[in-house]
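Trainee: Input structure: entry03.txt, which contains compact mmCIF, C-alpha atoms and all ligand atoms.
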```txt
# COMPACT_ATOMS: atom_id res chain seq x y z
CA MET C 1 42.60 23.40 20.52
CA THR C 2 40.36 20.88 22.19
CA ARG C 3 37.95 23.43 23.48
CA PRO C 4 35.87 23.96 20.35
CA ARG C 5 35.39 20.24 20.14
CA VAL C 6 34.11 20.06 23.68
CA VAL C 7 31.74 22.88 22.97
CA ALA C 8 30.57 21.15 19.83
CA ALA C 9 30.01 17.89 21.66
CA LEU C 10 28.11 19.66 24.38
CA SER C 11 25.80 21.43 22.00
CA MET C 12 25.18 18.15 20.17
CA ALA C 13 24.18 16.61 23.47
CA LEU C 14 21.87 19.50 24.18
CA LEU C 15 20.42 19.24 20.70
CA SER C 16 19.66 15.58 21.00
CA ALA C 17 18.13 16.10 24.41
CA ALA C 18 15.96 18.79 22.91
CA CYS C 19 15.00 16.44 20.08
CA VAL C 20 13.96 13.63 22.36
CA ALA C 21 11.81 15.64 24.74
CA PRO C 22 9.03 16.66 22.34
CA LEU C 23 8.77 13.10 21.05
CA GLU C 24 8.16 11.78 24.53
CA SER C 25 5.58 14.37 25.41
CA GLY C 26 3.95 13.93 22.02
CA GLY C 27 3.68 10.20 22.51
CA GLY C 28 2.24 10.65 25.98
CA GLY C 29 -0.31 13.10 24.71
CA GLY C 30 -1.40 10.76 21.93
CA GLY C 31 -1.78 7.88 24.32
CA GLY C 32 -3.73 9.99 26.76
CA GLY C 33 -6.06 11.18 24.04
CA GLY C 34 -7.24 7.63 23.50
CA ALA C 35 -9.92 7.80 20.82
CA PRO C 36 -10.13 4.14 19.82
CA ASP C 37 -13.22 4.70 17.70
CA SER C 38 -11.80 7.19 15.19
CA GLY C 39 -9.32 4.82 13.61
CA ILE C 40 -7.15 7.81 12.85
CA HIS C 41 -4.40 7.35 15.41
CA VAL C 42 -3.21 4.01 14.13
CA ASP C 43 0.42 4.79 14.80
CA ALA C 44 -0.16 5.99 18.33
CA ALA C 45 -2.15 2.88 19.11
CA ARG C 46 0.48 0.62 17.60
CA ALA C 47 3.42 2.20 19.35
CA VAL C 48 2.12 1.20 22.75
CA ASP C 49 1.97 -2.50 22.73
CA ALA C 50 0.81 -5.33 20.53
CA ALA C 51 1.75 -6.00 16.92
CA PRO C 52 -0.82 -4.61 14.48
CA THR C 53 -3.49 -6.95 13.22
CA ALA C 54 -3.82 -7.66 9.51
CA ASP C 55 -6.88 -5.41 9.38
CA GLN C 56 -4.96 -2.58 11.03
CA LEU C 57 -2.10 -2.98 8.57
CA VAL C 58 -4.43 -2.82 5.59
CA ALA C 59 -6.31 0.17 6.99
CA GLU C 60 -3.12 2.05 7.72
CA TRP C 61 -1.75 1.22 4.26
CA SER C 62 -4.89 2.67 2.64
CA GLY C 63 -4.02 6.02 4.20
CA CYS C 64 -0.39 5.79 3.13
CA MET C 65 -1.39 5.46 -0.53
CA THR C 66 -1.90 8.82 -2.24
CA LEU C 67 -3.33 9.68 -5.63
CA ASP C 68 -0.13 11.61 -6.36
CA SER C 69 2.16 8.66 -5.81
CA PHE C 70 -0.32 6.36 -7.55
CA THR C 71 -0.23 8.64 -10.59
CA ALA C 72 3.54 9.15 -10.44
CA ALA C 73 4.05 5.39 -10.34
CA ASN C 74 1.84 5.04 -13.43
CA MET C 75 -0.44 2.46 -11.86
CA ILE C 76 -2.91 2.87 -14.71
CA ALA C 77 -0.42 0.84 -16.75
CA TRP C 78 -2.40 -2.14 -15.48
CA ALA C 79 -5.25 -1.26 -17.82
CA ASN C 80 -2.97 -1.92 -20.76
CA VAL C 81 -1.05 -5.00 -19.67
CA ALA C 82 -1.58 -7.54 -22.43
CA THR C 83 -2.49 -11.18 -22.20
CA THR C 84 -0.99 -13.78 -24.51
CA LEU C 85 -4.01 -13.31 -26.77
CA ASN C 86 -3.33 -9.56 -26.74
CA GLN C 87 -6.40 -8.71 -24.70
CA ARG C 88 -5.85 -5.91 -22.18
CA CYS C 89 -6.59 -6.23 -18.46
CA GLY C 90 -8.71 -3.12 -18.78
CA GLY C 91 -10.79 -4.79 -21.47
CA CYS C 92 -12.42 -6.94 -18.81
CA HIS C 93 -11.54 -5.25 -15.49
CA THR C 94 -12.00 -1.51 -16.16
CA GLY C 95 -15.02 -1.33 -13.91
CA GLY C 96 -13.73 -3.75 -11.29
CA ALA C 97 -15.40 -6.88 -12.63
CA GLU C 98 -14.51 -10.09 -10.79
CA GLY C 99 -13.06 -8.15 -7.87
CA PHE C 100 -10.09 -6.79 -9.80
CA ILE C 101 -9.82 -3.25 -11.10
CA ALA C 102 -7.51 -2.09 -13.89
CA SER C 103 -8.84 1.26 -15.07
CA PRO C 104 -7.20 3.81 -17.37
CA ASP C 105 -8.69 6.55 -15.14
CA PRO C 106 -6.33 7.19 -12.19
CA ALA C 107 -8.98 8.85 -9.99
CA ILE C 108 -11.40 5.94 -10.41
CA MET C 109 -8.80 3.25 -9.93
CA PHE C 110 -7.18 4.96 -6.95
CA LYS C 111 -10.54 5.43 -5.27
CA ALA C 112 -11.35 1.75 -5.76
CA ILE C 113 -8.13 0.35 -4.39
CA SER C 114 -7.79 2.83 -1.53
CA GLU C 115 -11.39 2.61 -0.33
CA GLN C 116 -12.37 -0.98 -1.11
CA LYS C 117 -10.45 -3.66 0.68
CA THR C 118 -11.12 -6.36 -1.90
CA PHE C 119 -9.61 -4.23 -4.66
CA LEU C 120 -6.68 -3.16 -2.49
CA LEU C 121 -5.85 -6.75 -1.57
CA GLN C 122 -5.43 -7.82 -5.20
CA TYR C 123 -2.44 -5.49 -5.41
CA PHE C 124 -1.08 -5.58 -1.87
CA THR C 125 -1.37 -8.15 0.87
CA VAL C 126 -0.34 -8.73 4.46
CA ASP C 127 2.82 -10.63 5.26
CA SER C 128 1.76 -11.81 8.69
CA ALA C 129 5.15 -13.22 9.63
CA ALA C 130 6.90 -9.96 8.82
CA GLY C 131 4.02 -7.87 10.15
CA LYS C 132 3.91 -5.64 7.10
CA MET C 133 2.29 -5.08 3.73
CA ILE C 134 3.89 -6.54 0.60
CA VAL C 135 3.18 -6.55 -3.12
CA ASN C 136 0.64 -9.30 -3.82
CA THR C 137 2.48 -11.29 -6.45
CA ALA C 138 0.39 -14.33 -5.49
CA SER C 139 -2.77 -12.82 -6.94
CA PHE C 140 -1.15 -12.38 -10.36
CA LEU C 141 0.59 -15.73 -10.30
CA GLY C 142 -2.60 -17.34 -9.04
CA VAL C 143 -4.84 -16.08 -11.80
CA ASN C 144 -2.39 -17.66 -14.23
CA GLY C 145 -2.48 -20.95 -12.36
CA SER C 146 -4.51 -24.14 -12.35
CA GLY C 147 -7.16 -22.59 -10.09
CA HIS C 148 -8.11 -20.28 -12.96
CA PRO C 149 -8.02 -22.54 -16.02
CA THR C 150 -9.99 -20.20 -18.25
CA HIS C 151 -8.34 -16.92 -17.26
CA PRO C 152 -6.29 -15.33 -20.06
CA ARG C 153 -2.57 -15.93 -19.52
CA PHE C 154 0.00 -13.20 -19.05
CA ASN C 155 3.50 -12.70 -17.67
CA ALA C 156 2.61 -12.18 -14.03
CA MET C 157 5.98 -11.00 -12.78
CA VAL C 158 7.36 -8.92 -15.64
CA ASN C 159 5.05 -6.32 -17.11
CA ALA C 160 4.52 -2.54 -16.98
CA GLY C 161 1.86 -2.93 -14.32
CA MET C 162 4.22 -4.81 -12.02
CA THR C 163 6.89 -2.15 -12.52
CA ALA C 164 4.35 0.51 -11.54
CA LEU C 165 3.16 -1.54 -8.59
CA GLN C 166 6.71 -1.88 -7.23
CA ALA C 167 7.21 1.88 -7.54
CA PHE C 168 3.87 2.58 -5.87
CA TYR C 169 4.76 0.14 -3.10
CA THR C 170 8.08 1.90 -2.49
CA THR C 171 6.57 5.37 -2.13
CA THR C 172 3.70 4.07 -0.02
CA ALA C 173 6.04 2.19 2.31
CA ALA C 174 8.23 5.29 2.61
CA LYS C 175 5.26 7.35 3.78
CA GLN C 176 4.41 4.66 6.28
CA ALA C 177 7.96 4.53 7.60
CA ALA C 178 8.01 8.32 7.91
CA HIS C 179 4.63 8.30 9.71
CA THR C 180 3.25 10.81 7.24
CA CYS C 181 0.19 8.81 6.19
CA ASP C 182 -3.33 10.17 6.07
CA PRO C 183 -6.08 8.51 8.09
CA PRO C 184 -7.26 5.22 6.57
CA ARG C 185 -9.21 5.66 3.35
CA LEU C 186 -10.96 2.31 3.53
CA VAL C 187 -14.70 2.64 3.61
CA PRO C 188 -16.07 0.24 6.20
C1 LIG S 201 -11.21 -11.68 -21.35
C2 LIG S 201 -11.49 -11.03 -20.10
C3 LIG S 201 -10.33 -10.88 -19.12
C4 LIG S 201 -9.11 -10.29 -19.34
C5 LIG S 201 -8.56 -9.70 -20.62
C6 LIG S 201 -8.42 -10.32 -18.06
N1 LIG S 201 -9.20 -10.91 -17.12
FE1 LIG S 201 -8.74 -11.11 -15.16
N2 LIG S 201 -10.51 -12.08 -14.84
C7 LIG S 201 -11.44 -12.35 -15.81
C8 LIG S 201 -12.48 -13.19 -15.25
C9 LIG S 201 -13.70 -13.71 -16.00
C10 LIG S 201 -12.14 -13.41 -13.90
C11 LIG S 201 -12.87 -14.29 -12.87
C12 LIG S 201 -12.75 -15.75 -13.24
C13 LIG S 201 -11.34 -16.22 -13.15
O1 LIG S 201 -10.68 -15.97 -12.13
O2 LIG S 201 -10.86 -16.85 -14.10
C14 LIG S 201 -10.90 -12.68 -13.68
C15 LIG S 201 -10.25 -12.59 -12.46
C16 LIG S 201 -9.07 -11.91 -12.25
C17 LIG S 201 -8.44 -11.73 -10.97
C18 LIG S 201 -9.02 -12.18 -9.64
C19 LIG S 201 -8.67 -13.56 -9.27
C20 LIG S 201 -9.22 -13.90 -7.89
O3 LIG S 201 -9.24 -15.06 -7.57
O4 LIG S 201 -9.60 -13.00 -7.16
C21 LIG S 201 -7.28 -11.06 -11.17
C22 LIG S 201 -6.25 -10.67 -10.12
C23 LIG S 201 -7.20 -10.80 -12.58
N3 LIG S 201 -8.29 -11.31 -13.19
C24 LIG S 201 -6.15 -10.13 -13.16
C25 LIG S 201 -6.08 -9.84 -14.51
C26 LIG S 201 -4.97 -9.15 -15.13
C27 LIG S 201 -3.76 -8.61 -14.39
C28 LIG S 201 -5.25 -9.06 -16.45
C29 LIG S 201 -4.40 -8.48 -17.56
C30 LIG S 201 -3.09 -9.04 -17.70
C31 LIG S 201 -6.54 -9.71 -16.66
N4 LIG S 201 -7.00 -10.16 -15.47
C32 LIG S 201 -7.16 -9.81 -17.89
C33 LIG S 201 -11.43 -11.90 -17.10
C34 LIG S 201 -10.37 -11.27 -17.72
```
Since I need it in another form, could you write the structure as structure tokens?

Mentor:
Amino acid sequence: MTRPRVVAALSMALLSAACVAPLESGGGGGGGGGAPDSGIHVDAARAVDAAPTADQLVAEWSGCMTLDSFTAANMIAWANVATTLNQRCGGCHTGGAEGFIASPDPAIMFKAISEQKTFLLQYFTVDSAAGKMIVNTASFLGVNGSGHPTHPRFNAMVNAGMTALQAFYTTTAAKQAAHTCDPPRLVP
């Protein structure tokens, strides 16, 4: 009666041993490869030692964002978010004016925020204390604040763009956690 259980436990142990081994050799190989210039092996570099810098976090994040998840999240909703005077973000920011892009064209908008750090950082920012990327609510609250007295007002926290941004954040963070990101897309 107990035998099958023992056998099962044993094969589980063997399985987990088999699972661990390739990870270790893979890690060793990555470390040994050491190509600090390429910027591609962000994860391998991070695993070794120090916490990632803000620049590394942003670069890595740019490779975790994909056009597919951007489109699925409906990020182009930003183009149509309305101000209190019923102007649309895209009316002024379609082409990225003032360092903020809200385009109805997903390919154009994705390219801008994945390749240009200034555009990316309006939507996402680094939480240095937590050592990770977060949704940049401060940029939307800020542009409604006293520092921007003439900017059109809008509901910074509740709008279709923010809903899309949260969804895009979730899928992007999931790719990062699964280590399935592409190399950084940021253009230096
Ligand atoms: C009537 C034109 C106009 C519309 C509509 C508009 N903006 Fe702007 N936006 C500006 C201008 C001009 C600036 C730069 C001056 C300023 O910050 O007030 C700016 C700056 C910004 C910035 C950058 C602030 C910074 O300090 O980097 C953000 C973010 C932004 N807008 C978001 C939005 C969002 C989101 C919407 C839609 C809800 C929107 N804007 C609608 C004209 C507009």

Trainee: Grab me every residue within 10 Å of ligand LIG 201 (chain S), counting only C-alpha atoms and all ligand atoms, and send it over as a PyMOL selection string.

Mentor: chain C and resi 78-94+96-102+118-119+121-123+136-156+159+161-162

Trainee: Determine the nearest neighbour of Asp127 in chain C from the options C:Ala50, C:Ile113, C:Leu57, C:Val158, counting all atoms listed in the file.

Mentor: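 Using all atoms listed in the file, the shortest distance to Asp127 in chain C belongs to C:Leu57.
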
Trainee: Would you compute the distance between CA of Lys175 in chain C and CA of Ile134 in chain C? Give it in Å to one decimal.

Mentor: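 According to the coordinates, CA of Lys175 in chain C and CA of Ile134 in chain C are separated by 14.3 Å.
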
Trainee: What does the distance from CA of Met157 in chain C to CA of Ala130 in chain C come to in Å, to one decimal?

Mentor: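 Value for the CA of Met157 in chain C-CA of Ala130 in chain C distance: 21.6 Å.
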
Trainee: Neighbouring residues of Thr170 in chain C were defined as those with any atom within 12 Å, considering all atoms listed in the file; residues of the same chain fewer than 4 positions away were excluded. Please report them as a short mmCIF file (atom, residue, chain, number, x, y, z; two decimals) with C-alpha atoms, keeping the file's coordinate frame.

Mentor:
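To be explicit, this is the file written out as part32.cif:
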```cif
data_model
loop_
_atom_site.label_atom_id
_atom_site.label_comp_id
_atom_site.auth_asym_id
_atom_site.auth_seq_id
_atom_site.Cartn_x
_atom_site.Cartn_y
_atom_site.Cartn_z
CA TRP C 61 -1.75 1.22 4.26
CA CYS C 64 -0.39 5.79 3.13
CA MET C 65 -1.39 5.46 -0.53
CA SER C 69 2.16 8.66 -5.81
CA PHE C 70 -0.32 6.36 -7.55
CA ALA C 72 3.54 9.15 -10.44
CA ALA C 73 4.05 5.39 -10.34
CA PHE C 124 -1.08 -5.58 -1.87
CA MET C 133 2.29 -5.08 3.73
CA ILE C 134 3.89 -6.54 0.60
CA VAL C 135 3.18 -6.55 -3.12
CA THR C 163 6.89 -2.15 -12.52
CA ALA C 164 4.35 0.51 -11.54
CA LEU C 165 3.16 -1.54 -8.59
CA GLN C 166 6.71 -1.88 -7.23
CA ALA C 174 8.23 5.29 2.61
CA LYS C 175 5.26 7.35 3.78
CA GLN C 176 4.41 4.66 6.28
CA ALA C 177 7.96 4.53 7.60
#
```

Trainee: Would you work out the distance separating CA of Thr71 in chain C from CA of Leu120 in chain C, expressed in Å to one decimal?

Mentor: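 Spanning CA of Thr71 in chain C to CA of Leu120 in chain C is a straight-line distance of 15.7 Å.
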